[in-house]
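With TSV, C-alpha atoms inside, this is my_file.tsv:
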chain	number	residue	atom	x	y	z
A	1	MET	CA	20.95	45.95	-28.41
A	2	THR	CA	19.87	48.78	-26.14
A	3	SER	CA	16.67	50.79	-26.26
A	4	ASN	CA	18.47	54.07	-25.58
A	5	PRO	CA	20.92	55.26	-28.26
A	6	ALA	CA	22.98	57.04	-25.58
A	7	LEU	CA	24.10	53.59	-24.41
A	8	SER	CA	25.20	52.45	-27.85
A	9	THR	CA	28.62	51.13	-28.84
A	10	GLY	CA	31.08	53.93	-29.48
A	11	ARG	CA	29.24	56.54	-27.42
A	12	VAL	CA	31.06	58.32	-24.57
A	13	ALA	CA	30.35	58.17	-20.83
A	14	VAL	CA	31.86	60.20	-17.99
A	15	VAL	CA	31.80	58.63	-14.52
A	16	THR	CA	32.89	60.44	-11.35
A	17	GLY	CA	33.96	58.55	-8.26
A	18	ALA	CA	35.16	55.90	-10.69
A	19	ALA	CA	38.23	54.54	-8.91
A	20	MET	CA	36.36	51.84	-6.99
A	21	GLY	CA	32.97	50.61	-5.87
A	22	ILE	CA	29.84	51.51	-7.80
A	23	GLY	CA	31.67	54.02	-10.01
A	24	LEU	CA	34.21	51.45	-11.16
A	25	ALA	CA	31.51	48.82	-11.67
A	26	ILE	CA	29.50	51.23	-13.82
A	27	SER	CA	32.61	52.12	-15.82
A	28	LYS	CA	33.33	48.45	-16.49
A	29	LYS	CA	29.72	47.72	-17.41
A	30	LEU	CA	29.57	50.58	-19.91
A	31	ALA	CA	32.94	49.62	-21.40
A	32	ALA	CA	31.73	46.02	-21.79
A	33	MET	CA	28.82	47.43	-23.80
A	34	GLY	CA	31.32	49.03	-26.17
A	35	MET	CA	31.17	52.56	-24.80
A	36	LYS	CA	34.19	54.79	-24.37
A	37	VAL	CA	34.64	55.83	-20.74
A	38	ALA	CA	36.19	58.83	-19.00
A	39	MET	CA	36.86	58.09	-15.34
A	40	ALA	CA	37.33	60.78	-12.70
A	41	ASP	CA	38.21	60.48	-9.03
A	42	VAL	CA	40.12	62.32	-6.32
A	43	LEU	CA	41.98	59.08	-5.41
A	44	GLU	CA	44.85	59.34	-7.87
A	45	ALA	CA	46.60	56.00	-7.25
A	46	ASP	CA	43.37	53.98	-7.17
A	47	LEU	CA	42.18	55.72	-10.32
A	48	ALA	CA	45.41	54.92	-12.14
A	49	ALA	CA	45.08	51.26	-11.18
A	50	ALA	CA	41.44	51.19	-12.29
A	51	LYS	CA	42.31	52.76	-15.63
A	52	GLU	CA	45.12	50.25	-16.19
A	53	GLU	CA	42.75	47.38	-15.43
A	54	MET	CA	40.13	48.75	-17.81
A	55	ALA	CA	42.64	49.37	-20.60
A	56	ALA	CA	44.09	45.88	-20.20
A	57	ALA	CA	40.60	44.51	-20.76
A	58	GLY	CA	40.39	46.41	-24.05
A	59	ALA	CA	38.39	49.43	-22.97
A	60	GLN	CA	38.94	52.80	-24.59
A	61	VAL	CA	39.36	54.92	-21.48
A	62	VAL	CA	40.81	58.15	-20.17
A	63	ALA	CA	41.21	59.09	-16.52
A	64	ALA	CA	41.51	62.36	-14.65
A	65	SER	CA	42.37	62.83	-10.99
A	66	LEU	CA	40.20	65.73	-9.81
A	67	ASP	CA	37.92	66.99	-7.08
A	68	VAL	CA	34.28	67.37	-8.16
A	69	THR	CA	33.99	70.46	-5.98
A	70	ASP	CA	36.23	72.19	-8.55
A	71	LEU	CA	34.01	73.28	-11.45
A	72	ASP	CA	36.98	74.45	-13.51
A	73	ALA	CA	38.54	70.99	-13.29
A	74	LEU	CA	35.35	69.40	-14.58
A	75	VAL	CA	35.13	71.90	-17.43
A	76	ALA	CA	38.72	71.04	-18.34
A	77	LEU	CA	37.81	67.34	-18.25
A	78	ARG	CA	34.95	68.00	-20.67
A	79	ARG	CA	37.40	69.50	-23.15
A	80	THR	CA	39.81	66.59	-22.75
A	81	VAL	CA	37.07	64.01	-23.19
A	82	HIS	CA	35.70	65.74	-26.27
A	83	ASN	CA	39.16	65.90	-27.85
A	84	GLU	CA	40.22	62.34	-26.99
A	85	LEU	CA	36.97	60.35	-27.05
A	86	GLY	CA	34.30	62.51	-28.64
A	87	PRO	CA	31.05	64.19	-27.53
A	88	VAL	CA	29.69	62.97	-24.20
A	89	SER	CA	26.38	61.10	-24.29
A	90	MET	CA	26.25	59.94	-20.67
A	91	LEU	CA	27.22	61.55	-17.37
A	92	VAL	CA	27.19	59.57	-14.11
A	93	ASN	CA	27.59	61.80	-11.05
A	94	ASN	CA	28.69	59.19	-8.53
A	95	ALA	CA	31.43	60.85	-6.44
A	96	VAL	CA	30.47	60.86	-2.76
A	97	THR	CA	31.72	61.37	0.77
A	98	ARG	CA	30.32	60.02	4.03
A	99	THR	CA	31.87	62.91	5.92
A	100	GLY	CA	29.25	64.79	7.90
A	101	GLY	CA	27.62	63.39	10.99
A	102	ASP	CA	24.75	64.44	13.23
A	103	VAL	CA	23.24	67.78	14.21
A	104	TRP	CA	26.17	68.59	16.49
A	105	SER	CA	28.98	67.58	14.15
A	106	GLU	CA	31.50	70.16	13.00
A	107	ALA	CA	30.12	72.68	10.53
A	108	GLU	CA	33.13	72.07	8.30
A	109	ASP	CA	32.18	68.39	8.00
A	110	TRP	CA	28.68	69.42	6.95
A	111	ARG	CA	30.14	71.79	4.36
A	112	THR	CA	32.34	69.02	2.98
A	113	ALA	CA	29.35	66.71	2.68
A	114	MET	CA	27.33	69.34	0.83
A	115	GLU	CA	30.23	70.40	-1.40
A	116	VAL	CA	30.91	66.84	-2.61
A	117	ASN	CA	27.51	65.16	-2.55
A	118	PHE	CA	25.41	68.07	-3.80
A	119	TRP	CA	27.57	70.78	-5.34
A	120	GLY	CA	29.80	68.14	-6.94
A	121	VAL	CA	26.76	66.92	-8.87
A	122	LEU	CA	25.69	70.44	-9.84
A	123	ASN	CA	29.23	71.07	-11.06
A	124	GLY	CA	29.10	67.94	-13.17
A	125	VAL	CA	25.80	68.95	-14.72
A	126	ARG	CA	26.98	72.51	-15.38
A	127	ALA	CA	30.22	71.30	-16.93
A	128	PHE	CA	28.74	68.65	-19.25
A	129	LEU	CA	25.01	69.14	-19.83
A	130	PRO	CA	25.12	72.30	-22.01
A	131	ALA	CA	27.38	70.55	-24.53
A	132	MET	CA	25.19	67.42	-24.42
A	133	LEU	CA	22.15	69.53	-25.24
A	134	GLU	CA	23.98	71.41	-27.98
A	135	HIS	CA	25.15	68.11	-29.51
A	136	GLY	CA	21.50	67.27	-30.11
A	137	LYS	CA	21.79	63.50	-29.77
A	138	SER	CA	20.34	61.19	-27.15
A	139	GLY	CA	21.95	61.68	-23.76
A	140	ILE	CA	21.63	60.52	-20.17
A	141	VAL	CA	22.50	62.12	-16.84
A	142	VAL	CA	22.52	59.77	-13.86
A	143	ASN	CA	22.78	61.25	-10.37
A	144	VAL	CA	23.51	58.72	-7.64
A	145	GLY	CA	21.25	59.26	-4.65
A	146	SER	CA	20.47	57.11	-1.62
A	147	LYS	CA	17.48	55.62	0.15
A	148	GLN	CA	18.68	57.64	3.13
A	149	GLY	CA	17.75	60.75	1.18
A	150	ILE	CA	14.16	59.47	0.94
A	151	THR	CA	13.41	57.88	4.34
A	152	ASN	CA	15.96	59.83	6.45
A	153	PRO	CA	17.02	57.12	8.94
A	154	PRO	CA	18.77	58.36	12.10
A	155	GLY	CA	22.56	58.26	11.86
A	156	ASN	CA	24.51	60.42	9.44
A	157	LEU	CA	22.08	63.33	9.11
A	158	ALA	CA	24.43	65.39	6.96
A	159	TYR	CA	24.63	62.59	4.40
A	160	ASN	CA	20.83	62.24	4.41
A	161	VAL	CA	20.40	65.98	3.86
A	162	THR	CA	22.73	66.00	0.85
A	163	LYS	CA	21.02	63.03	-0.76
A	164	SER	CA	17.58	64.48	-0.07
A	165	ALA	CA	18.63	67.70	-1.78
A	166	LEU	CA	20.03	65.69	-4.68
A	167	LYS	CA	16.72	63.83	-5.12
A	168	THR	CA	14.81	67.11	-5.30
A	169	TYR	CA	17.37	68.62	-7.68
A	170	THR	CA	17.33	65.64	-10.04
A	171	GLU	CA	13.52	65.63	-10.15
A	172	GLY	CA	13.57	69.32	-11.03
A	173	LEU	CA	16.29	68.77	-13.62
A	174	GLN	CA	14.35	66.06	-15.42
A	175	HIS	CA	11.18	68.15	-15.34
A	176	GLU	CA	13.12	70.98	-16.97
A	177	LEU	CA	14.61	68.70	-19.63
A	178	ARG	CA	11.32	67.04	-20.57
A	179	ASN	CA	9.79	70.45	-21.18
A	180	ILE	CA	12.47	71.55	-23.65
A	181	ALA	CA	11.11	71.07	-27.16
A	182	GLY	CA	13.10	68.43	-29.03
A	183	CYS	CA	15.35	67.64	-26.07
A	184	ARG	CA	16.82	64.14	-26.25
A	185	VAL	CA	18.68	64.23	-22.93
A	186	SER	CA	17.08	62.83	-19.80
A	187	ALA	CA	18.04	62.81	-16.11
A	188	HIS	CA	17.67	59.82	-13.78
A	189	LEU	CA	18.10	59.12	-10.07
A	190	LEU	CA	20.01	55.96	-9.16
A	191	VAL	CA	19.16	54.85	-5.62
A	192	PRO	CA	21.39	51.97	-4.49
A	193	GLY	CA	20.42	49.69	-1.65
A	194	TRP	CA	22.91	48.23	0.81
A	195	THR	CA	26.00	47.84	-1.35
A	196	THR	CA	29.57	46.82	-0.63
A	197	THR	CA	31.65	49.83	-1.65
A	198	GLY	CA	35.17	51.17	-1.26
A	199	ARG	CA	37.50	48.85	0.63
A	200	ASN	CA	34.79	47.48	2.89
A	201	ALA	CA	34.56	43.72	3.31
A	202	HIS	CA	31.54	42.19	1.63
A	203	LYS	CA	28.83	41.12	4.06
A	204	PRO	CA	25.95	38.70	3.45
A	205	GLY	CA	22.86	40.64	2.45
A	206	ALA	CA	24.65	43.43	0.63
A	207	TRP	CA	24.64	43.75	-3.13
A	208	LEU	CA	27.88	43.94	-5.06
A	209	PRO	CA	28.58	47.09	-7.10
A	210	GLU	CA	28.27	45.04	-10.28
A	211	GLN	CA	24.65	44.27	-9.42
A	212	VAL	CA	23.90	47.96	-9.04
A	213	ALA	CA	25.53	48.70	-12.40
A	214	GLU	CA	23.49	45.95	-14.07
A	215	ARG	CA	20.24	47.23	-12.54
A	216	MET	CA	21.08	50.78	-13.62
A	217	VAL	CA	21.52	49.80	-17.25
A	218	GLU	CA	18.37	47.66	-17.28
A	219	SER	CA	16.34	50.52	-15.81
A	220	LEU	CA	17.78	53.12	-18.16
A	221	GLN	CA	16.88	50.94	-21.12
A	222	ALA	CA	13.33	50.77	-19.72
A	223	GLY	CA	13.23	54.57	-19.37
A	224	ASP	CA	12.86	54.60	-15.57
A	225	PHE	CA	13.58	57.82	-13.68
A	226	TYR	CA	13.72	56.34	-10.18
A	227	ILE	CA	16.16	53.44	-10.20
A	228	VAL	CA	15.66	52.02	-6.70
A	229	CYS	CA	17.89	49.01	-6.18
A	230	PRO	CA	16.95	46.26	-3.76
A	231	ASP	CA	19.54	44.15	-1.97
A	232	ASP	CA	19.47	40.68	-0.45
A	233	GLU	CA	17.86	41.98	2.74
A	234	ALA	CA	15.46	44.68	1.50
A	235	THR	CA	13.11	43.53	-1.25
A	236	PRO	CA	11.36	45.95	-3.62
A	237	GLU	CA	8.17	45.46	-1.59
A	238	MET	CA	10.00	46.38	1.64
A	239	ASP	CA	11.38	49.50	-0.02
A	240	ARG	CA	7.88	50.52	-1.12
A	241	GLN	CA	6.53	50.01	2.40
A	242	ARG	CA	9.31	52.09	3.95
A	243	ILE	CA	8.95	54.93	1.46
A	244	LEU	CA	5.16	55.01	1.81
A	245	TRP	CA	5.35	54.88	5.61
A	246	ALA	CA	7.68	57.88	5.62
A	247	ALA	CA	5.32	59.85	3.37
A	248	ARG	CA	2.36	59.00	5.57
A	249	ASP	CA	4.04	60.64	8.55
A	250	ILE	CA	2.96	63.84	6.82
A	251	THR	CA	-0.43	62.82	5.47
A	252	GLU	CA	-1.48	61.18	8.77
A	253	ASN	CA	0.13	63.84	10.99
A	254	ARG	CA	2.24	61.32	12.86
A	255	PRO	CA	5.41	62.19	14.77
A	256	LEU	CA	8.31	62.72	12.42
A	257	LEU	CA	10.40	59.65	11.64
A	258	SER	CA	7.70	57.54	13.28
A	259	ARG	CA	9.34	54.38	11.98
A	260	TRP	CA	11.89	54.89	14.75
A	261	HIS	CA	9.49	56.43	17.32
A	262	PRO	CA	8.81	54.17	20.35
A	263	ASP	CA	5.05	54.69	20.04
A	264	PHE	CA	4.93	53.70	16.36
A	265	LYS	CA	7.91	51.38	15.86
A	266	GLN	CA	5.85	48.25	16.50
A	267	ALA	CA	3.06	49.42	14.20
A	268	PHE	CA	5.58	49.85	11.39
A	269	GLU	CA	7.07	46.42	12.01
A	270	ASP	CA	3.61	44.84	12.02
A	271	GLU	CA	2.66	46.54	8.75
A	272	ALA	CA	5.98	45.72	7.11
A	273	GLY	CA	5.90	42.15	8.35
A	274	SER	CA	9.37	42.51	9.82
Whole structure, structure tokens version:
Amino acid sequence: MTSNPALSTGRVAVVTGAAMGIGLAISKKLAAMGMKVAMADVLEADLAAAKEEMAAAGAQVVAASLDVTDLDALVALRRTVHNELGPVSMLVNNAVTRTGGDVWSEAEDWRTAMEVNFWGVLNGVRAFLPAMLEHGKSGIVVNVGSKQGITNPPGNLAYNVTKSALKTYTEGLQHELRNIAGCRVSAHLLVPGWTTTGRNAHKPGAWLPEQVAERMVESLQAGDFYIVCPDDEATPEMDRQRILWAARDITENRPLLSRWHPDFKQAFEDEAGS
């Protein structure tokens, strides 16, 4: 039994970026709970294989090869899902790209990162949320963020920027929804830790996508907005310390990103016990 009717047997979920990794694991988890699942991904062959695997396991599933940057394609998917599976009660905006880079990377790479990681989510919400609200039943929107969008570690700055924007957007979206009288749809931010995704080899310390999917469902049943996943290297306490340290750069007027600043790096390590 679940505590959220949107996760009940027979209800319908849409998952983007569903051909592999976290998206596929979430699709399988929801199907195992008796939900009907619509899977979307730009990787046509991988999506077809994933759908075949799901169907062979007894899942009621449809699949659509599309690009989340195409709002019209997502609107068309909504119609297909409604006709073949029924009204959507859950939307998981998981499609992502790591394309981007640092400050000096090509502008086109930055645009691609923003189009997929941010606008792809907005497109998903715009395509599915109005009908979910009109349906009037319990519903869930899950946007998949990243710890990099919270603590902004040096590396792929474009990726960090998109996930930071997505965090802010999802917070604003949930605030809007909770202030609509009688609204039964809620938004949530899934924040995976170090997770083995795509075709990457699994490394000790990383979580498997199935663990992220399990944590997501547990947290949704508990009504959590921030679903911050640990991994086998970063405990929940370590995550709290890192997030609080980043916030205190502002409140204590420290140099930005002081966790990686030579004058403060040791102080962070001493406080974090690392």
Computed gap from atom CA of Lys147 of chain A to atom CA of Thr170 of chain A is 14.3 Å
Could you give me, as a ChimeraX atom specification, the residues that have an atom at most 12 Å away from the point (17.1, 63.2, 6.9) in the coordinates of the file, using all atoms listed in the file?
/A:101-103,146-165,246,256-257
Of the listed residues A:Glu115, A:Glu237, A:Asp263, A:Asp232, that which approaches Thr196 of chain A most closely, counting only C-alpha atoms:
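Looking at the shortest contact to Thr196 of chain A, the residue is A:Asp232.
Across A:Ala64, A:Leu208, A:Cys183, A:Ile22, the tightest approach to Gly145 of chain A is made by A:Ile22 when counting only C-alpha atoms.
Using only C-alpha atoms, the shortest contact distance between Gln174 of chain A and any of A:Thr16, A:Val125, A:Ala213, A:Arg199 is found at A:Val125.
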Rank nothing, just name the residue among A:Ile227, A:Val15, A:Met114, A:Ile140 nearest to Glu214 of chain A, using all atoms listed in the file.
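For Glu214 of chain A, the nearest of the given residues is A:Ile227.
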Report as a compact mmCIF listing (two decimals) with C-alpha atoms, in the coordinates of the input all protein, DNA and RNA residues lying within 9 Å of Pro5 of chain A, evaluated on all atoms listed in the file, omitting residues in the same chain fewer than 5 positions from it.
# COMPACT_ATOMS: atom_id res chain seq x y z
CA ARG A 11 29.24 56.54 -27.42
CA SER A 89 26.38 61.10 -24.29
CA LYS A 137 21.79 63.50 -29.77
CA SER A 138 20.34 61.19 -27.15
CA GLY A 139 21.95 61.68 -23.76
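Distance-wise, atom CA of Ala272 of chain A and atom CA of Pro230 of chain A end up 15.5 Å apart.
The spacing separating atom CA of Ala131 of chain A from atom CA of Arg78 of chain A amounts to 8.9 Å.
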Give the answer as one residue: which of A:Val92, A:Ser105, A:Glu233, A:Trp245 has the shortest atom-to-atom distance to Ala267 of chain A, using all atoms listed in the file?
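Using all atoms listed in the file, the shortest distance to Ala267 of chain A belongs to A:Trp245.
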With a distance cut-off of 12 Å and only C-alpha atoms, select the neighbouring residues of Ala187 of chain A, excluding the residue or stretch itself and same-chain residues fewer than 5 positions from it, and output the selection as a ChimeraX atom specification.
/A:89-93,125,129,132,138-144,166-167,169-178,220,223-227
Which centre and which edge lengths, in Å to one decimal, describe the axis-aligned box that holds all listed atoms of segment 243-246 of chain A after 6 Å is added on each side, as lines of an AutoDock Vina configuration file?
center_x = 7.1
center_y = 56.4
center_z = 3.5
size_x = 15.8
size_y = 15.0
size_z = 16.2
Reconstructed segment 220-251 of chain A, atom set N, CA and C atoms, as a PDB file, keeping the file's coordinate frame:
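Resulting contents of part_22.pdb:
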ATOM      1  N   LEU A 220      17.633  52.066 -17.172  1.00  0.00           N
ATOM      2  CA  LEU A 220      17.780  53.120 -18.160  1.00  0.00           C
ATOM      3  C   LEU A 220      17.213  52.685 -19.499  1.00  0.00           C
ATOM      4  N   GLN A 221      17.430  51.452 -19.862  1.00  0.00           N
ATOM      5  CA  GLN A 221      16.880  50.940 -21.120  1.00  0.00           C
ATOM      6  C   GLN A 221      15.355  50.928 -21.079  1.00  0.00           C
ATOM      7  N   ALA A 222      14.790  50.769 -19.866  1.00  0.00           N
ATOM      8  CA  ALA A 222      13.330  50.770 -19.720  1.00  0.00           C
ATOM      9  C   ALA A 222      12.775  52.188 -19.605  1.00  0.00           C
ATOM     10  N   GLY A 223      13.664  53.182 -19.473  1.00  0.00           N
ATOM     11  CA  GLY A 223      13.230  54.570 -19.370  1.00  0.00           C
ATOM     12  C   GLY A 223      12.832  55.003 -17.973  1.00  0.00           C
ATOM     13  N   ASP A 224      13.224  54.254 -16.942  1.00  0.00           N
ATOM     14  CA  ASP A 224      12.860  54.600 -15.570  1.00  0.00           C
ATOM     15  C   ASP A 224      13.598  55.844 -15.095  1.00  0.00           C
ATOM     16  N   PHE A 225      12.915  56.691 -14.341  1.00  0.00           N
ATOM     17  CA  PHE A 225      13.580  57.820 -13.680  1.00  0.00           C
ATOM     18  C   PHE A 225      14.129  57.380 -12.330  1.00  0.00           C
ATOM     19  N   TYR A 226      13.272  56.825 -11.490  1.00  0.00           N
ATOM     20  CA  TYR A 226      13.720  56.340 -10.180  1.00  0.00           C
ATOM     21  C   TYR A 226      14.250  54.923 -10.336  1.00  0.00           C
ATOM     22  N   ILE A 227      15.536  54.756 -10.089  1.00  0.00           N
ATOM     23  CA  ILE A 227      16.160  53.440 -10.200  1.00  0.00           C
ATOM     24  C   ILE A 227      16.495  52.986  -8.778  1.00  0.00           C
ATOM     25  N   VAL A 228      15.499  52.439  -8.094  1.00  0.00           N
ATOM     26  CA  VAL A 228      15.660  52.020  -6.700  1.00  0.00           C
ATOM     27  C   VAL A 228      16.105  50.576  -6.671  1.00  0.00           C
ATOM     28  N   CYS A 229      17.313  50.351  -6.186  1.00  0.00           N
ATOM     29  CA  CYS A 229      17.890  49.010  -6.180  1.00  0.00           C
ATOM     30  C   CYS A 229      17.542  48.292  -4.877  1.00  0.00           C
ATOM     31  N   PRO A 230      17.103  47.055  -4.963  1.00  0.00           N
ATOM     32  CA  PRO A 230      16.950  46.260  -3.760  1.00  0.00           C
ATOM     33  C   PRO A 230      18.319  45.730  -3.329  1.00  0.00           C
ATOM     34  N   ASP A 231      18.348  44.910  -2.316  1.00  0.00           N
ATOM     35  CA  ASP A 231      19.540  44.150  -1.970  1.00  0.00           C
ATOM     36  C   ASP A 231      19.051  42.797  -1.471  1.00  0.00           C
ATOM     37  N   ASP A 232      19.896  42.016  -0.866  1.00  0.00           N
ATOM     38  CA  ASP A 232      19.470  40.680  -0.450  1.00  0.00           C
ATOM     39  C   ASP A 232      18.795  40.669   0.906  1.00  0.00           C
ATOM     40  N   GLU A 233      18.606  41.877   1.485  1.00  0.00           N
ATOM     41  CA  GLU A 233      17.860  41.980   2.740  1.00  0.00           C
ATOM     42  C   GLU A 233      16.589  42.813   2.581  1.00  0.00           C
ATOM     43  N   ALA A 234      16.623  43.819   1.721  1.00  0.00           N
ATOM     44  CA  ALA A 234      15.460  44.680   1.500  1.00  0.00           C
ATOM     45  C   ALA A 234      14.911  44.435   0.098  1.00  0.00           C
ATOM     46  N   THR A 235      13.747  43.813   0.022  1.00  0.00           N
ATOM     47  CA  THR A 235      13.110  43.530  -1.250  1.00  0.00           C
ATOM     48  C   THR A 235      12.459  44.797  -1.801  1.00  0.00           C
ATOM     49  N   PRO A 236      12.083  44.792  -3.081  1.00  0.00           N
ATOM     50  CA  PRO A 236      11.360  45.950  -3.620  1.00  0.00           C
ATOM     51  C   PRO A 236      10.089  46.259  -2.824  1.00  0.00           C
ATOM     52  N   GLU A 237       9.380  45.230  -2.371  1.00  0.00           N
ATOM     53  CA  GLU A 237       8.170  45.460  -1.590  1.00  0.00           C
ATOM     54  C   GLU A 237       8.502  46.146  -0.260  1.00  0.00           C
ATOM     55  N   MET A 238       9.584  45.741   0.395  1.00  0.00           N
ATOM     56  CA  MET A 238      10.000  46.380   1.640  1.00  0.00           C
ATOM     57  C   MET A 238      10.357  47.841   1.406  1.00  0.00           C
ATOM     58  N   ASP A 239      11.036  48.118   0.295  1.00  0.00           N
ATOM     59  CA  ASP A 239      11.380  49.500  -0.020  1.00  0.00           C
ATOM     60  C   ASP A 239      10.117  50.338  -0.206  1.00  0.00           C
ATOM     61  N   ARG A 240       9.128  49.798  -0.920  1.00  0.00           N
ATOM     62  CA  ARG A 240       7.880  50.520  -1.120  1.00  0.00           C
ATOM     63  C   ARG A 240       7.194  50.818   0.212  1.00  0.00           C
ATOM     64  N   GLN A 241       7.166  49.821   1.100  1.00  0.00           N
ATOM     65  CA  GLN A 241       6.530  50.010   2.400  1.00  0.00           C
ATOM     66  C   GLN A 241       7.232  51.100   3.209  1.00  0.00           C
ATOM     67  N   ARG A 242       8.549  51.109   3.191  1.00  0.00           N
ATOM     68  CA  ARG A 242       9.310  52.090   3.950  1.00  0.00           C
ATOM     69  C   ARG A 242       9.118  53.503   3.403  1.00  0.00           C
ATOM     70  N   ILE A 243       9.125  53.621   2.074  1.00  0.00           N
ATOM     71  CA  ILE A 243       8.950  54.930   1.460  1.00  0.00           C
ATOM     72  C   ILE A 243       7.534  55.460   1.718  1.00  0.00           C
ATOM     73  N   LEU A 244       6.537  54.594   1.571  1.00  0.00           N
ATOM     74  CA  LEU A 244       5.160  55.010   1.810  1.00  0.00           C
ATOM     75  C   LEU A 244       4.923  55.356   3.280  1.00  0.00           C
ATOM     76  N   TRP A 245       5.503  54.590   4.181  1.00  0.00           N
ATOM     77  CA  TRP A 245       5.350  54.880   5.610  1.00  0.00           C
ATOM     78  C   TRP A 245       5.917  56.272   5.927  1.00  0.00           C
ATOM     79  N   ALA A 246       7.073  56.564   5.377  1.00  0.00           N
ATOM     80  CA  ALA A 246       7.680  57.880   5.620  1.00  0.00           C
ATOM     81  C   ALA A 246       6.789  58.998   5.100  1.00  0.00           C
ATOM     82  N   ALA A 247       6.199  58.818   3.924  1.00  0.00           N
ATOM     83  CA  ALA A 247       5.320  59.850   3.370  1.00  0.00           C
ATOM     84  C   ALA A 247       4.066  60.017   4.214  1.00  0.00           C
ATOM     85  N   ARG A 248       3.580  58.939   4.778  1.00  0.00           N
ATOM     86  CA  ARG A 248       2.360  59.000   5.570  1.00  0.00           C
ATOM     87  C   ARG A 248       2.568  59.649   6.936  1.00  0.00           C
ATOM     88  N   ASP A 249       3.803  59.820   7.351  1.00  0.00           N
ATOM     89  CA  ASP A 249       4.040  60.640   8.550  1.00  0.00           C
ATOM     90  C   ASP A 249       3.450  62.027   8.359  1.00  0.00           C
ATOM     91  N   ILE A 250       3.505  62.514   7.130  1.00  0.00           N
ATOM     92  CA  ILE A 250       2.960  63.840   6.820  1.00  0.00           C
ATOM     93  C   ILE A 250       1.452  63.779   6.640  1.00  0.00           C
ATOM     94  N   THR A 251       1.006  62.852   5.792  1.00  0.00           N
ATOM     95  CA  THR A 251      -0.430  62.820   5.470  1.00  0.00           C
ATOM     96  C   THR A 251      -1.284  62.395   6.654  1.00  0.00           C
TER      97      THR A 251
END
